[in-house]
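A.B. asks: Just so it is clear, I am handing over work_28.pdb, which has PDB, C-alpha atoms, pLDDT in the B column.
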ATOM      1  CA  MET A   1    -180.374  40.791 186.040  1.00 71.00           C
ATOM      2  CA  TYR A   2    -180.670  37.297 187.548  1.00 79.00           C
ATOM      3  CA  GLU A   3    -177.764  36.106 185.456  1.00 81.00           C
ATOM      4  CA  ASP A   4    -175.581  38.845 186.965  1.00 92.00           C
ATOM      5  CA  PHE A   5    -176.623  37.955 190.510  1.00 94.00           C
ATOM      6  CA  PHE A   6    -176.168  34.233 189.941  1.00 95.00           C
ATOM      7  CA  ALA A   7    -172.726  34.630 188.375  1.00 97.00           C
ATOM      8  CA  GLU A   8    -171.484  36.991 191.090  1.00 96.00           C
ATOM      9  CA  ARG A   9    -172.878  34.902 193.954  1.00 96.00           C
ATOM     10  CA  LEU A  10    -171.414  31.700 192.536  1.00 97.00           C
ATOM     11  CA  ALA A  11    -167.990  33.304 192.139  1.00 97.00           C
ATOM     12  CA  SER A  12    -168.107  34.680 195.671  1.00 95.00           C
ATOM     13  CA  LEU A  13    -169.138  31.382 197.249  1.00 95.00           C
ATOM     14  CA  ARG A  14    -166.600  29.442 195.211  1.00 96.00           C
ATOM     15  CA  GLU A  15    -163.832  31.812 196.282  1.00 96.00           C
ATOM     16  CA  GLN A  16    -164.888  31.423 199.928  1.00 93.00           C
ATOM     17  CA  LYS A  17    -164.446  27.685 199.481  1.00 93.00           C
ATOM     18  CA  ASN A  18    -161.016  28.469 198.024  1.00 95.00           C
ATOM     19  CA  VAL A  19    -161.358  26.334 194.907  1.00 97.00           C
ATOM     20  CA  SER A  20    -160.717  27.216 191.294  1.00 98.00           C
ATOM     21  CA  ALA A  21    -163.493  27.285 188.719  1.00 98.00           C
ATOM     22  CA  ARG A  22    -161.733  24.437 186.923  1.00 98.00           C
ATOM     23  CA  GLU A  23    -161.477  22.304 190.058  1.00 98.00           C
ATOM     24  CA  MET A  24    -165.136  22.869 190.877  1.00 98.00           C
ATOM     25  CA  SER A  25    -166.201  22.082 187.300  1.00 98.00           C
ATOM     26  CA  LEU A  26    -164.331  18.794 187.287  1.00 98.00           C
ATOM     27  CA  SER A  27    -165.620  17.862 190.755  1.00 97.00           C
ATOM     28  CA  LEU A  28    -169.146  18.341 189.453  1.00 97.00           C
ATOM     29  CA  GLY A  29    -168.422  15.982 186.570  1.00 96.00           C
ATOM     30  CA  GLN A  30    -168.496  18.749 183.980  1.00 97.00           C
ATOM     31  CA  ASN A  31    -165.936  19.961 181.479  1.00 97.00           C
ATOM     32  CA  SER A  32    -163.162  22.124 182.886  1.00 97.00           C
ATOM     33  CA  SER A  33    -164.694  25.442 181.775  1.00 97.00           C
ATOM     34  CA  TYR A  34    -168.254  24.818 183.048  1.00 98.00           C
ATOM     35  CA  ILE A  35    -168.159  27.056 186.153  1.00 98.00           C
ATOM     36  CA  ASN A  36    -166.106  29.685 184.359  1.00 98.00           C
ATOM     37  CA  ARG A  37    -168.775  29.916 181.640  1.00 98.00           C
ATOM     38  CA  ILE A  38    -171.497  30.382 184.285  1.00 97.00           C
ATOM     39  CA  GLU A  39    -169.489  33.036 186.125  1.00 97.00           C
ATOM     40  CA  ASN A  40    -168.879  34.849 182.818  1.00 97.00           C
ATOM     41  CA  LYS A  41    -172.614  34.729 182.020  1.00 95.00           C
ATOM     42  CA  GLN A  42    -172.096  32.558 178.963  1.00 96.00           C
ATOM     43  CA  ALA A  43    -174.143  29.673 180.395  1.00 94.00           C
ATOM     44  CA  PHE A  44    -176.766  29.054 183.046  1.00 94.00           C
ATOM     45  CA  PRO A  45    -177.061  25.772 184.956  1.00 96.00           C
ATOM     46  CA  SER A  46    -180.064  23.491 184.823  1.00 96.00           C
ATOM     47  CA  MET A  47    -182.025  23.076 188.035  1.00 97.00           C
ATOM     48  CA  GLN A  48    -180.367  19.701 188.640  1.00 97.00           C
ATOM     49  CA  SER A  49    -176.921  21.222 188.133  1.00 97.00           C
ATOM     50  CA  PHE A  50    -177.821  24.072 190.483  1.00 97.00           C
ATOM     51  CA  PHE A  51    -178.623  21.538 193.214  1.00 98.00           C
ATOM     52  CA  TYR A  52    -175.265  19.833 192.581  1.00 98.00           C
ATOM     53  CA  ILE A  53    -173.532  23.214 192.812  1.00 98.00           C
ATOM     54  CA  CYS A  54    -175.199  23.906 196.165  1.00 97.00           C
ATOM     55  CA  GLU A  55    -174.283  20.454 197.433  1.00 96.00           C
ATOM     56  CA  TYR A  56    -170.676  20.987 196.367  1.00 97.00           C
ATOM     57  CA  LEU A  57    -170.598  24.341 198.162  1.00 95.00           C
ATOM     58  CA  GLY A  58    -172.172  22.771 201.254  1.00 91.00           C
ATOM     59  CA  ILE A  59    -175.160  25.118 201.296  1.00 92.00           C
ATOM     60  CA  SER A  60    -178.880  24.962 200.666  1.00 92.00           C
ATOM     61  CA  PRO A  61    -180.474  26.546 197.585  1.00 95.00           C
ATOM     62  CA  LYS A  62    -182.092  29.046 199.980  1.00 94.00           C
ATOM     63  CA  ASP A  63    -178.664  30.023 201.296  1.00 93.00           C
ATOM     64  CA  PHE A  64    -177.429  30.564 197.752  1.00 95.00           C
ATOM     65  CA  PHE A  65    -180.020  33.286 197.195  1.00 94.00           C
ATOM     66  CA  ASP A  66    -179.951  34.777 200.707  1.00 93.00           C
ATOM     67  CA  THR A  67    -177.548  37.686 200.350  1.00 87.00           C
ATOM     68  CA  ASP A  68    -177.973  38.588 204.022  1.00 90.00           C
ATOM     69  CA  ILE A  69    -175.730  35.607 204.729  1.00 88.00           C
ATOM     70  CA  GLN A  70    -172.221  36.565 203.673  1.00 86.00           C
ATOM     71  CA  ASN A  71    -170.667  33.156 204.235  1.00 89.00           C
ATOM     72  CA  PRO A  72    -173.352  30.449 204.280  1.00 91.00           C
ATOM     73  CA  THR A  73    -170.811  27.627 204.399  1.00 87.00           C
ATOM     74  CA  LYS A  74    -169.369  28.824 207.691  1.00 89.00           C
ATOM     75  CA  LEU A  75    -172.835  29.556 209.058  1.00 88.00           C
ATOM     76  CA  THR A  76    -173.924  25.989 208.235  1.00 86.00           C
ATOM     77  CA  GLU A  77    -170.782  24.639 209.898  1.00 88.00           C
ATOM     78  CA  LEU A  78    -171.455  26.765 212.985  1.00 91.00           C
ATOM     79  CA  THR A  79    -175.097  25.693 213.111  1.00 91.00           C
ATOM     80  CA  ASN A  80    -174.093  22.032 212.969  1.00 92.00           C
ATOM     81  CA  GLU A  81    -171.724  22.562 215.894  1.00 95.00           C
ATOM     82  CA  LEU A  82    -174.343  24.496 217.878  1.00 95.00           C
ATOM     83  CA  LYS A  83    -176.750  21.576 217.591  1.00 96.00           C
ATOM     84  CA  LYS A  84    -174.341  19.517 219.682  1.00 97.00           C
ATOM     85  CA  LEU A  85    -174.346  21.920 222.664  1.00 96.00           C
ATOM     86  CA  ASN A  86    -176.465  21.774 225.799  1.00 97.00           C
ATOM     87  CA  ASP A  87    -178.627  24.643 227.112  1.00 96.00           C
ATOM     88  CA  MET A  88    -175.942  26.040 229.405  1.00 96.00           C
ATOM     89  CA  GLN A  89    -173.390  26.147 226.591  1.00 96.00           C
ATOM     90  CA  LEU A  90    -175.890  27.743 224.203  1.00 96.00           C
ATOM     91  CA  ASN A  91    -176.799  30.424 226.760  1.00 96.00           C
ATOM     92  CA  ALA A  92    -173.108  31.257 227.205  1.00 95.00           C
ATOM     93  CA  LEU A  93    -172.655  31.628 223.446  1.00 93.00           C
ATOM     94  CA  ILE A  94    -175.773  33.780 223.157  1.00 93.00           C
ATOM     95  CA  SER A  95    -174.297  36.126 225.775  1.00 93.00           C
ATOM     96  CA  VAL A  96    -171.023  36.308 223.862  1.00 92.00           C
ATOM     97  CA  ALA A  97    -172.836  36.990 220.575  1.00 88.00           C
ATOM     98  CA  LYS A  98    -174.871  39.777 222.181  1.00 90.00           C
ATOM     99  CA  SER A  99    -171.702  41.356 223.568  1.00 90.00           C
ATOM    100  CA  PHE A 100    -170.232  41.444 220.040  1.00 85.00           C
ATOM    101  CA  GLN A 101    -173.234  43.431 218.830  1.00 79.00           C
ATOM    102  CA  HIS A 102    -172.710  46.098 221.492  1.00 70.00           C
ATOM    103  CA  ASN A 103    -168.976  46.433 220.847  1.00 63.00           C
ATOM    104  CA  PHE A 104    -169.097  47.005 217.082  1.00 56.00           C
TER     105      PHE A 104
END
Please re-express this file's structure in structure tokens.
C.D. replies:
Amino acid sequence: MYEDFFAERLASLREQKNVSAREMSLSLGQNSSYINRIENKQAFPSMQSFFYICEYLGISPKDFFDTDIQNPTKLTELTNELKKLNDMQLNALISVAKSFQHNF
């Protein structure tokens, strides 16, 4: 059960980052089939490797398991940008976000 979730979530997040399993494996310092083996449920990463995977994806371990967040990388990027705004700018964006909710 957890292996299925982990493999599917990893594949989804990797695809959102638009990198191949091979490229990600090599960037993590692993052999070229490492991520592919995880996504095919043939292997499971150690805790240390999991943290490296999250770092590579630019997300927190919490974000990895939070399926309510469809694209945690973009949400993290947006949050970092929001931190730079003043109160007036934030209030304007809150109004825009609320208007999206009423239109969809």
A.B. asks: Enumerate, as an mmCIF file with C-alpha atoms, in the frame of the given file, the residues matched when the PyMOL selection byres ((chain A and resi 8) around 12) is run on the file above.
C.D. replies:
data_model
loop_
_atom_site.group_PDB
_atom_site.id
_atom_site.type_symbol
_atom_site.label_atom_id
_atom_site.label_comp_id
_atom_site.auth_asym_id
_atom_site.auth_seq_id
_atom_site.Cartn_x
_atom_site.Cartn_y
_atom_site.Cartn_z
ATOM 1 C CA MET A 1 -180.374 40.791 186.040
ATOM 2 C CA TYR A 2 -180.670 37.297 187.548
ATOM 3 C CA GLU A 3 -177.764 36.106 185.456
ATOM 4 C CA ASP A 4 -175.581 38.845 186.965
ATOM 5 C CA PHE A 5 -176.623 37.955 190.510
ATOM 6 C CA PHE A 6 -176.168 34.233 189.941
ATOM 7 C CA ALA A 7 -172.726 34.630 188.375
ATOM 8 C CA ARG A 9 -172.878 34.902 193.954
ATOM 9 C CA LEU A 10 -171.414 31.700 192.536
ATOM 10 C CA ALA A 11 -167.990 33.304 192.139
ATOM 11 C CA SER A 12 -168.107 34.680 195.671
ATOM 12 C CA LEU A 13 -169.138 31.382 197.249
ATOM 13 C CA ARG A 14 -166.600 29.442 195.211
ATOM 14 C CA GLU A 15 -163.832 31.812 196.282
ATOM 15 C CA ILE A 35 -168.159 27.056 186.153
ATOM 16 C CA ASN A 36 -166.106 29.685 184.359
ATOM 17 C CA ILE A 38 -171.497 30.382 184.285
ATOM 18 C CA GLU A 39 -169.489 33.036 186.125
ATOM 19 C CA ASN A 40 -168.879 34.849 182.818
ATOM 20 C CA LYS A 41 -172.614 34.729 182.020
ATOM 21 C CA PHE A 64 -177.429 30.564 197.752
ATOM 22 C CA PHE A 65 -180.020 33.286 197.195
ATOM 23 C CA THR A 67 -177.548 37.686 200.350
#
A.B. asks: Considering all atoms listed in the file, return as a ChimeraX atom specification whatever protein or nucleic-acid residues lie within 8 Å of region 25-33 of chain A, sequence-local ones (same chain, fewer than 3 positions apart) excluded.
C.D. replies: /A:21-22,36-37,52-53,56
A.B. asks: Taking into account all atoms listed in the file, which residue in the set A:Ala92, A:Tyr34, A:Asn86, A:Ile59 is nearest to Asn71 (chain A)?
C.D. replies: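 Comparing A:Ala92, A:Tyr34, A:Asn86, A:Ile59 against Asn71 (chain A), the winner is A:Ile59.
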A.B. asks: Quick one: of A:Asp87, A:Glu23, A:Leu57, A:Asn18, who's nearest to Thr73 (chain A), counting only C-alpha atoms?
C.D. replies: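 Closest candidate: A:Leu57.
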A.B. asks: Record the distance separating CA of Lys83 (chain A) and CA of Ala97 (chain A), expressed in Å with one decimal.
C.D. replies: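 So the two atoms, CA of Lys83 (chain A) and CA of Ala97 (chain A), lie 16.2 Å apart.
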A.B. asks: Between CA of Lys74 (chain A) and CA of Ala43 (chain A), what is the spacing in Å?
C.D. replies: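 Distance between the two atoms: 27.7 Å.
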A.B. asks: Find the residue from A:Val96, A:Val19, A:Gln42, A:Gly58 that sits nearest to Glu77 (chain A); use all atoms listed in the file when measuring.
C.D. replies: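 Using all atoms listed in the file, the shortest distance to Glu77 (chain A) belongs to A:Gly58.
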A.B. asks: Between A:Gln70, A:Lys17, A:Ser60, A:Glu81, which residue has the minimum interatomic distance to Leu93 (chain A), considering only C-alpha atoms?
C.D. replies: A:Glu81
A.B. asks: Can you work out which one of A:Ser99, A:Ser20, A:Asp68, A:Pro61 has the shortest atom-to-atom distance to Gln48 (chain A), counting all atoms listed in the file?
C.D. replies: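 Going through A:Ser99, A:Ser20, A:Asp68, A:Pro61 one by one, the smallest distance to Gln48 (chain A) is for A:Pro61.
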A.B. asks: In Å, with one decimal, what is the gap from CA of Leu78 (chain A) to CA of Leu90 (chain A)?
C.D. replies: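 Atom-to-atom, CA of Leu78 (chain A) and CA of Leu90 (chain A) are spaced 12.1 Å apart.
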